[in-house]
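So this block is protein_8.cif, mmCIF, C-alpha atoms:
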```cif
data_query
loop_
_atom_site.label_atom_id
_atom_site.label_comp_id
_atom_site.auth_asym_id
_atom_site.auth_seq_id
_atom_site.Cartn_x
_atom_site.Cartn_y
_atom_site.Cartn_z
CA MET H 1 5.34 31.29 -0.63
CA THR H 2 3.71 28.38 1.18
CA ARG H 3 5.33 25.05 1.69
CA ASP H 4 2.91 23.24 -0.67
CA SER H 5 3.49 25.66 -3.54
CA ALA H 6 7.26 25.28 -3.14
CA ASN H 7 6.95 21.51 -3.52
CA PRO H 8 3.90 20.55 -5.63
CA TYR H 9 4.53 16.83 -5.29
CA ARG H 10 4.56 16.79 -1.49
CA MET H 11 0.93 15.77 -1.12
CA GLU H 12 1.27 13.03 -3.73
CA ARG H 13 4.30 11.62 -1.93
CA LEU H 14 2.56 11.87 1.43
CA ASN H 15 -0.55 10.09 0.10
CA ALA H 16 1.60 7.32 -1.36
CA GLN H 17 3.56 6.98 1.87
CA LEU H 18 0.38 6.83 3.98
CA LEU H 19 -1.06 4.20 1.64
CA GLN H 20 2.08 2.08 1.86
CA GLU H 21 2.34 2.29 5.64
CA LEU H 22 -1.36 1.55 6.18
CA ALA H 23 -1.16 -1.45 3.86
CA LEU H 24 1.90 -2.75 5.73
CA ALA H 25 0.21 -2.18 9.09
CA LEU H 26 -2.88 -4.12 8.01
CA ALA H 27 -0.78 -6.93 6.59
CA HIS H 28 1.73 -7.33 9.44
CA ASP H 29 0.65 -5.55 12.63
CA VAL H 30 -3.11 -6.09 12.76
CA LYS H 31 -4.09 -9.62 13.74
CA ASP H 32 -7.87 -9.21 13.52
CA PRO H 33 -9.39 -11.98 11.32
CA ARG H 34 -12.14 -9.62 10.17
CA LEU H 35 -9.50 -7.65 8.26
CA GLU H 36 -7.83 -10.53 6.42
CA MET H 37 -9.33 -9.64 3.05
CA VAL H 38 -9.06 -5.84 3.33
CA THR H 39 -6.90 -3.91 0.87
CA VAL H 40 -6.02 -0.22 0.97
CA ILE H 41 -6.87 1.21 -2.47
CA ALA H 42 -6.14 4.93 -2.13
CA VAL H 43 -5.39 7.65 0.41
CA GLU H 44 -6.25 11.30 -0.10
CA CYS H 45 -4.97 13.63 2.59
CA ALA H 46 -6.35 17.12 3.17
CA ARG H 47 -3.95 20.02 2.57
CA ASP H 48 -3.87 20.92 6.27
CA LEU H 49 -3.22 17.26 7.22
CA SER H 50 -6.29 17.24 9.45
CA GLU H 51 -7.93 14.28 7.74
CA ALA H 52 -7.11 11.51 5.28
CA LYS H 53 -9.79 9.71 3.28
CA VAL H 54 -8.74 6.07 3.11
CA ARG H 55 -10.53 3.97 0.50
CA VAL H 56 -10.45 0.26 1.24
CA SER H 57 -11.71 -2.78 -0.61
CA SER H 58 -13.05 -5.78 1.26
CA MET H 59 -13.98 -9.17 -0.08
CA GLY H 60 -17.17 -10.92 0.94
CA ASP H 61 -20.84 -10.14 1.18
CA GLN H 62 -22.20 -6.77 2.27
CA PRO H 63 -22.54 -7.57 6.02
CA ARG H 64 -18.94 -8.80 6.13
CA ARG H 65 -17.71 -5.71 4.28
CA GLU H 66 -19.55 -3.44 6.71
CA ALA H 67 -18.11 -5.37 9.66
CA SER H 68 -14.62 -4.85 8.24
CA LEU H 69 -15.30 -1.12 7.88
CA ARG H 70 -16.57 -0.88 11.49
CA THR H 71 -13.46 -2.73 12.68
CA LEU H 72 -11.17 -0.34 10.80
CA ARG H 73 -12.99 2.68 12.20
CA GLY H 74 -12.69 1.20 15.69
CA MET H 75 -8.93 0.80 15.42
CA GLU H 76 -8.28 4.25 13.95
CA GLY H 77 -6.38 5.32 17.07
CA TYR H 78 -4.06 2.32 16.93
CA LEU H 79 -3.37 2.84 13.23
CA ARG H 80 -2.67 6.55 13.77
CA HIS H 81 -0.26 5.61 16.55
CA LEU H 82 1.57 3.21 14.19
CA LEU H 83 1.71 5.89 11.49
CA GLY H 84 3.10 8.39 13.99
CA GLU H 85 5.90 6.00 14.90
CA ARG H 86 6.75 5.13 11.30
CA LEU H 87 6.43 8.59 9.75
CA GLU H 88 8.78 10.54 11.96
CA ASN H 89 8.92 13.51 9.58
CA LEU H 90 5.19 14.12 10.02
CA ARG H 91 4.35 16.54 12.82
CA ARG H 92 0.68 15.65 12.93
CA VAL H 93 -0.91 12.38 11.85
CA PRO H 94 -4.25 13.01 10.14
CA ARG H 95 -7.53 11.51 11.28
CA LEU H 96 -8.32 8.45 9.19
CA ASN H 97 -11.71 8.44 7.50
CA PHE H 98 -12.23 4.91 6.15
CA ARG H 99 -14.59 4.37 3.21
CA LEU H 100 -15.50 1.26 1.26
CA ASP H 101 -14.41 1.28 -2.38
CA ASP H 102 -16.46 -0.74 -4.85
CA SER H 103 -14.25 -0.16 -7.90
CA ILE H 104 -12.68 -3.64 -7.92
CA ALA H 105 -16.05 -5.40 -7.58
CA TYR H 106 -17.48 -3.10 -10.24
CA GLY H 107 -14.59 -3.90 -12.60
CA VAL H 108 -15.06 -7.63 -12.10
CA ARG H 109 -18.79 -7.29 -12.78
CA VAL H 110 -18.17 -5.30 -15.98
CA GLY H 111 -15.64 -7.93 -17.11
CA VAL H 112 -18.17 -10.72 -16.59
CA ILE H 113 -20.81 -8.81 -18.55
CA LEU H 114 -18.39 -8.11 -21.40
CA ASN H 115 -17.40 -11.78 -21.54
CA GLU H 116 -21.06 -12.76 -21.75
CA LEU H 117 -21.58 -10.35 -24.64
CA GLN H 118 -18.76 -11.78 -26.77
CA PRO H 119 -20.14 -13.81 -29.68
CA GLY H 120 -19.24 -17.48 -29.74
CA ARG H 121 -18.90 -17.78 -25.95
CA ASP H 122 -21.46 -19.31 -23.68
CA ALA H 123 -22.14 -18.21 -20.10
CA ASP H 124 -19.77 -20.86 -18.63
CA GLY H 125 -16.76 -19.33 -20.41
CA ASP H 126 -16.09 -22.38 -22.63
#
```
Just give me the structure as structure tokens.
Amino acid sequence: MTRDSANPYRMERLNAQLLQELALALAHDVKDPRLEMVTVIAVECARDLSEAKVRVSSMGDQPRREASLRTLRGMEGYLRHLLGERLENLRRVPRLNFRLDDSIAYGVRVGVILNELQPGRDADGD
């Protein structure tokens, strides 16, 4: 019996712990102004812990969002080092594969469209 089948919630707990630690690291340890408006949305770690897909949301226009993503990818080593120090029970810290997540912007856009479609409301929201 493998370790994962003995504890089916291990990966969920690990993903949640990685998300929490990355969010804390970005909020407190990283002083780069390009990452001020970056939020960690989700982390999905591979079963063998070789890689973790980290979805992040960034405010601003597309060039600023891409600059934030490049900055995160450039500091992957530093963030892995921080995770290694904080997650002592983890033998191997996975590679971090950062990806932009558009779900928040998409949700805001859908909300605006729905508000515009409501009868009796004008485009200004009055």
Smallest atom-to-atom distance to Glu85 of chain H: which of H:Ser50, H:Arg99, H:Asp61, H:Ala25, using only C-alpha atoms? H:Ala25
Out of H:Met75, H:Gly107, H:Glu88, H:Leu22, which residue has the shortest atom-to-atom distance to Ala42 of chain H when counting all atoms listed in the file? H:Leu22
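Proximity ranking of H:Gln17, H:Thr39, H:Asn89, H:Gln118 relative to Val56 of chain H places H:Thr39 first, based on all atoms listed in the file.
Atom CA of Leu18 of chain H sits 29.1 Å away from atom CA of Arg109 of chain H.
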Need the shell around Pro94 of chain H: protein/DNA/RNA residues with any atom at most 9 Å away, counting all atoms listed in the file. Skip same-chain ones fewer than 4 positions apart. Format as a list in words? Cys45, Ala46, Asp48, Leu49, Ser50, Glu51, Ala52 and Arg80 of chain H
Selection under test: the PyMOL selection byres ((chain H and resi 30-36) around 10); residues as an MDAnalysis selection string: chainID H and resid 24:29 37:39 58:59 64:65 67:72 75 78:79
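For the pair atom CA of Val93 of chain H and atom CA of Tyr9 of chain H, the separation is 18.5 Å.
For Ser57 of chain H, the residues within 7 Å (counting all atoms listed in the file, excluding itself and residues fewer than 4 positions away along the chain) are Val38, Thr39, Val40, Ile41, Leu100, Asp101 and Asp102 of chain H.
Atom CA of Gly60 of chain H is found 24.8 Å from atom CA of Glu44 of chain H.
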For Leu83 of chain H, which residue among H:Leu19, H:Ile104, H:Arg55, H:Asn115 is the nearest when counting all atoms listed in the file? H:Leu19
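If you measure from each of H:Glu66, H:Val54, H:Glu76, H:Arg47 to Ala16 of chain H using only C-alpha atoms, the closest one turns out to be H:Val54.
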